[in-house]
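Student: Here it is, the structure in full.
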Amino acid sequence: MSTTITAGDAAAAATPPRAPAPAPRPAGPPVFAPLEGRERTLGTIALSLATFMNVLDSSIANVSIPAISGNLGVSPAQGTWVITSFAVANAISLPLTGWLTQRLGQVRLFTASVLLFVIASWLCGLAPNIESLIAFRVLQGFVAGPMIPLSQTLLLASYPRAKAGTAMAMWAMTVLVAPVAGPLLGGWITDNISWPWIFYINVPVGIIAAAMTWSIYHKRDPGPRRVPLDVVGLVLLVLFVGAMQIMIDKGKELDWFASGQIVALAAVSVVAFLFFLAWELTENHPIVDLSLFAQRNFTVGTLALALAYGLFFGNIVLLPLWLQQYMGYTATWAGMATAPVGILAIVLSPIVGKNVHKIDPRKLATVSFIGFGIVLWMRANFNAQADFVTILIPTVLQGAAVAFFFIPLQAIVFSGLSPERMPSASGLSNFARITAGAIGTSLFTTLWEDRAVLHHARLAEAMSQTNSAVVQTLAQLRAGGYSEAQAIASVNRMIDQQAYTMAVTDLFYLSSMVFFLLVGVVWLARPRLGSGAGGGGAH
């Protein structure tokens, strides 16, 4: 294209102009040659370390919630705010990545994000109470937003175009290994050291990653450019998402809409959302390109991705809570029961990535949703006597469903979009996914508590002290040296275990049914096989 323009300009210069010369085009960002040898290897390691640290922090706290909430004197349900606050802040910062990249430059922004992530992690470890911990997790999630998309951009620029697939395969391995390591590492650290160290371990890793990245890439930064920022859209986005998440997090504690605070939060969220829609659809430089929803594939793909991820993430937070609170698992063993989800994901993801161009992504996504449905149906049959192997088998099988999840759905999201719209599509679809994960976590923990209260009331009614089994159990406990109060408390603990187990299996069953229904949703899309979808999915 540039050769044609140059030739045309030369021809115009050779003859007298009959009209004013067109204004010169603004120079685009410079194109850098791929890295080679040692530099490329070290660059890949640096970017992978930063990505690993970021993704690790989305899962490492899952098995530590009981320890964190107990240490800080709050309920486990309030402890899950440590997860949701990070996710919401991360989702809000994603749409800002494009503007920040142009305003600061890719390398400056990435390095600054990593260093700020290190500082936020250190502050999380020092937090003396739940309020400060949540505030520092918000900061950590916000500065983490640009790290993942920029790590992809810098990694792709480090390799020749012919090796782009290899670069993304290595990047994907990092993203898949981190969720495996997270529960294992988080559980071991919580049991053997203390929970603040799940955050402190980011400090040396982040400093090394930032130093290596800057030393290799700082000369390859295209530099800052002045671009407009949609400040009104950003404020409305923060109000809408923030108010909605606080409402969901505090709803049970404040008795939902019987509370004026919850009603006010709901009103703020709805009004901010409506103004956000109106503003973004008419703004010349919107922070979120809502016109993407005019594309059928983008709308269906994003909807399926968000709903499925909300179910998936809600369940992976709920499982270790149940195991530790009512099945007697330590944080380490809860991590061992949840970590193997990555084994089949690591093995199968490269195969799915290579074939997403050749096989209808709707078929691949169908495999994922049916797989999740079967796994959750297996978990719906758990009881209070389930042993470690029984709990582990669905976790291992779930890895296959994960492998068929992200790549095909992203392929559907990107199908039919022009290359220049893909960054906006990636930011918006990931915003929807991460926000849905945070909402799913809050809803699942709330529903779990509500269902457990219902089951406890029914079980207590059926197991009154005139029940022969209860009378016999109380007699055995008293014979074993328990006082009357201790014996009754022990029976109540048994009822609690049964009630919370029945409640968690209710949610597993509900999730299973929804995953089966999502198969129908994904087939509403009309992706073009062999188009640029696969490339987008790979990213």
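As shown in the structure tokens, the chain order sets the letters A, B, ...; within each chain, residues go from 1, and ligands are also counted from 1 in the order they appear.
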For range 264-274 of chain A, work out the shell of residues within 7 Å, counting only C-alpha atoms and skipping chain neighbours fewer than 4 positions away, then give it as number ranges by chain.
Tutor: A: 236, 239-241, 243-244, 247, 260, 278
Student: For the residues in the current selection, export N, CA and C atoms as a tab-separated table (two decimals), in the first residue's frame.
Tutor:
chain	number	residue	atom	x	y	z
A	236	LEU	N	-19.20	6.97	34.54
A	236	LEU	CA	-20.47	6.23	34.53
A	236	LEU	C	-20.24	4.73	34.62
A	239	LEU	N	-19.35	3.90	38.25
A	239	LEU	CA	-20.56	3.99	39.08
A	239	LEU	C	-21.48	2.80	38.87
A	240	PHE	N	-21.72	2.46	37.62
A	240	PHE	CA	-22.64	1.37	37.27
A	240	PHE	C	-22.13	0.03	37.82
A	241	VAL	N	-20.89	-0.32	37.49
A	241	VAL	CA	-20.36	-1.63	37.91
A	241	VAL	C	-20.08	-1.66	39.41
A	243	ALA	N	-21.42	0.13	41.95
A	243	ALA	CA	-22.65	0.09	42.75
A	243	ALA	C	-23.32	-1.28	42.66
A	244	MET	N	-23.33	-1.87	41.48
A	244	MET	CA	-23.94	-3.19	41.31
A	244	MET	C	-23.21	-4.25	42.13
A	247	MET	N	-23.79	-3.80	45.87
A	247	MET	CA	-25.15	-4.22	46.17
A	247	MET	C	-25.23	-5.75	46.31
A	260	GLY	N	-32.45	0.45	52.93
A	260	GLY	CA	-32.38	1.66	52.11
A	260	GLY	C	-31.07	1.77	51.35
A	278	ALA	N	-26.58	5.68	26.85
A	278	ALA	CA	-26.89	6.85	26.02
A	278	ALA	C	-25.61	7.60	25.65
Student: Hey, what's within 6 Å of range 219-224 of chain A if we count only C-alpha atoms and toss same-chain stuff fewer than 2 positions away? As a PyMOL selection string, please?
Tutor: chain A and resi 29+102-105+107+217
Student: Deliver the residues from the most recent selection as a file, using N, CA and C atoms, as a CSV table (one decimal), in the first residue's frame.
Tutor:
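In the end it all went to part24.csv:
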chain,number,residue,atom,x,y,z
A,29,PRO,N,2.6,4.4,14.1
A,29,PRO,CA,3.6,4.0,15.1
A,29,PRO,C,4.7,3.2,14.4
A,102,GLN,N,-1.7,4.3,24.4
A,102,GLN,CA,-1.4,5.4,23.5
A,102,GLN,C,-0.8,6.6,24.2
A,103,ARG,N,-1.4,6.9,25.4
A,103,ARG,CA,-1.0,8.0,26.2
A,103,ARG,C,0.4,7.9,26.8
A,104,LEU,N,0.8,6.7,27.2
A,104,LEU,CA,2.1,6.4,27.9
A,104,LEU,C,3.1,5.7,27.1
A,105,GLY,N,2.6,4.9,26.1
A,105,GLY,CA,3.5,3.9,25.4
A,105,GLY,C,3.4,2.5,26.0
A,107,VAL,N,5.5,0.0,26.5
A,107,VAL,CA,6.5,-0.6,27.4
A,107,VAL,C,6.5,0.2,28.8
A,217,TYR,N,13.0,-4.1,26.3
A,217,TYR,CA,12.0,-3.5,25.4
A,217,TYR,C,11.9,-1.9,25.4
Student: Report as a list in words all protein, DNA and RNA residues lying within 9 Å of Leu290 in chain A, evaluated on only C-alpha atoms, omitting residues in the same chain fewer than 5 positions from it.
Tutor: Leu277, Glu280, Leu281 and Leu428 of chain A
Student: Could those residues be written to a file, using C-alpha atoms, as a PDB file, in the first residue's frame?
Tutor:
ATOM      1  CA  LEU A 277     -25.627   3.492  27.285  1.00  0.00           C
ATOM      2  CA  GLU A 280     -21.375   5.760  24.779  1.00  0.00           C
ATOM      3  CA  LEU A 281     -23.680   5.411  21.768  1.00  0.00           C
ATOM      4  CA  LEU A 428     -15.313  -5.389  25.869  1.00  0.00           C
TER       5      LEU A 428
END
Student: Between A:Leu517, A:Trp171, A:Leu229, A:Ala425, which one has atoms that come closest to Phe293 in chain A, using only C-alpha atoms?
Tutor: A:Ala425
Student: Mind checking which residues fall within 10 Å of range 80-86 of chain A, counting only C-alpha atoms, ignoring those fewer than 6 positions away in the same chain, and posting them as a PyMOL selection string?
Tutor: chain A and resi 57-62+64-66+68-69+124+130-131+133-142+144+242+245-246+249-250+317-318+321+434-435+437-442+445
Student: From a DSSP pass on the backbone, collect the residues of range 103-305 of chain A flagged as helix (DSSP H, G or I) and hand them back as a PyMOL selection string.
Tutor: chain A and resi 103-104+106-126+130-144+147-158+161-192+197-200+202-220+231-250+256-258+260-282+290-294+296-305
Student: Would you kindly return, as an MDAnalysis selection string, each protein, DNA or RNA residue with an atom no farther than 10 Å from any atom of Gln324 in chain A, considering only C-alpha atoms and excluding same-chain residues fewer than 4 positions away?
Tutor: chainID A and resid 63:67 319:320 328:334
Student: Which residues, written as JSON, numbers by chain, have at least one atom at most 12 Å from Val118 in chain A, with only C-alpha atoms counted and residues fewer than 3 positions away on the same chain left out?
Tutor: {"A": [50, 53, 54, 57, 111, 112, 113, 114, 115, 121, 122, 123, 124, 125, 136, 137, 139, 140, 141, 143, 144, 199, 200, 201, 202, 203, 204, 205, 206, 207, 208, 209, 210]}
Student: Please provide the set of residues having any atom within 10 Å of Asp360 in chain A, restricted to only C-alpha atoms, with same-chain residues fewer than 5 positions apart removed, written as a count of residues only.
Tutor: 10
Student: Taking only C-alpha atoms into account, name the residue in A:Ile374, A:Ile393, A:Ala384, A:Met212 that is nearest to Val514 in chain A.
Tutor: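 Using only C-alpha atoms, the shortest distance to Val514 in chain A belongs to A:Ile374.
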Student: Using only C-alpha atoms for the distances, tell me which of A:Leu156, A:Leu126, A:Leu417, A:Val227 is nearest to Ala33 in chain A.
Tutor: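 Distance minimum relative to Ala33 in chain A lands on A:Leu156.
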Student: Quick one: pull the distance between CA of Thr338 in chain A and CA of Thr395 in chain A, Å, one decimal.
Tutor: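 Taking CA of Thr338 in chain A and CA of Thr395 in chain A, their separation equals 6.2 Å.
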Student: In Å, rounded to a single decimal, give me how far CA of Pro34 in chain A is from CA of Ala157 in chain A.
Tutor: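 Taking CA of Ala157 in chain A and CA of Pro34 in chain A, their separation equals 6.0 Å.
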Student: Smallest atom-to-atom distance to Ala345 in chain A: which of A:Leu303, A:Leu311, A:Val396, A:Met327, using only C-alpha atoms?
Tutor: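 Going through A:Leu303, A:Leu311, A:Val396, A:Met327 one by one, the smallest distance to Ala345 in chain A is for A:Val396.
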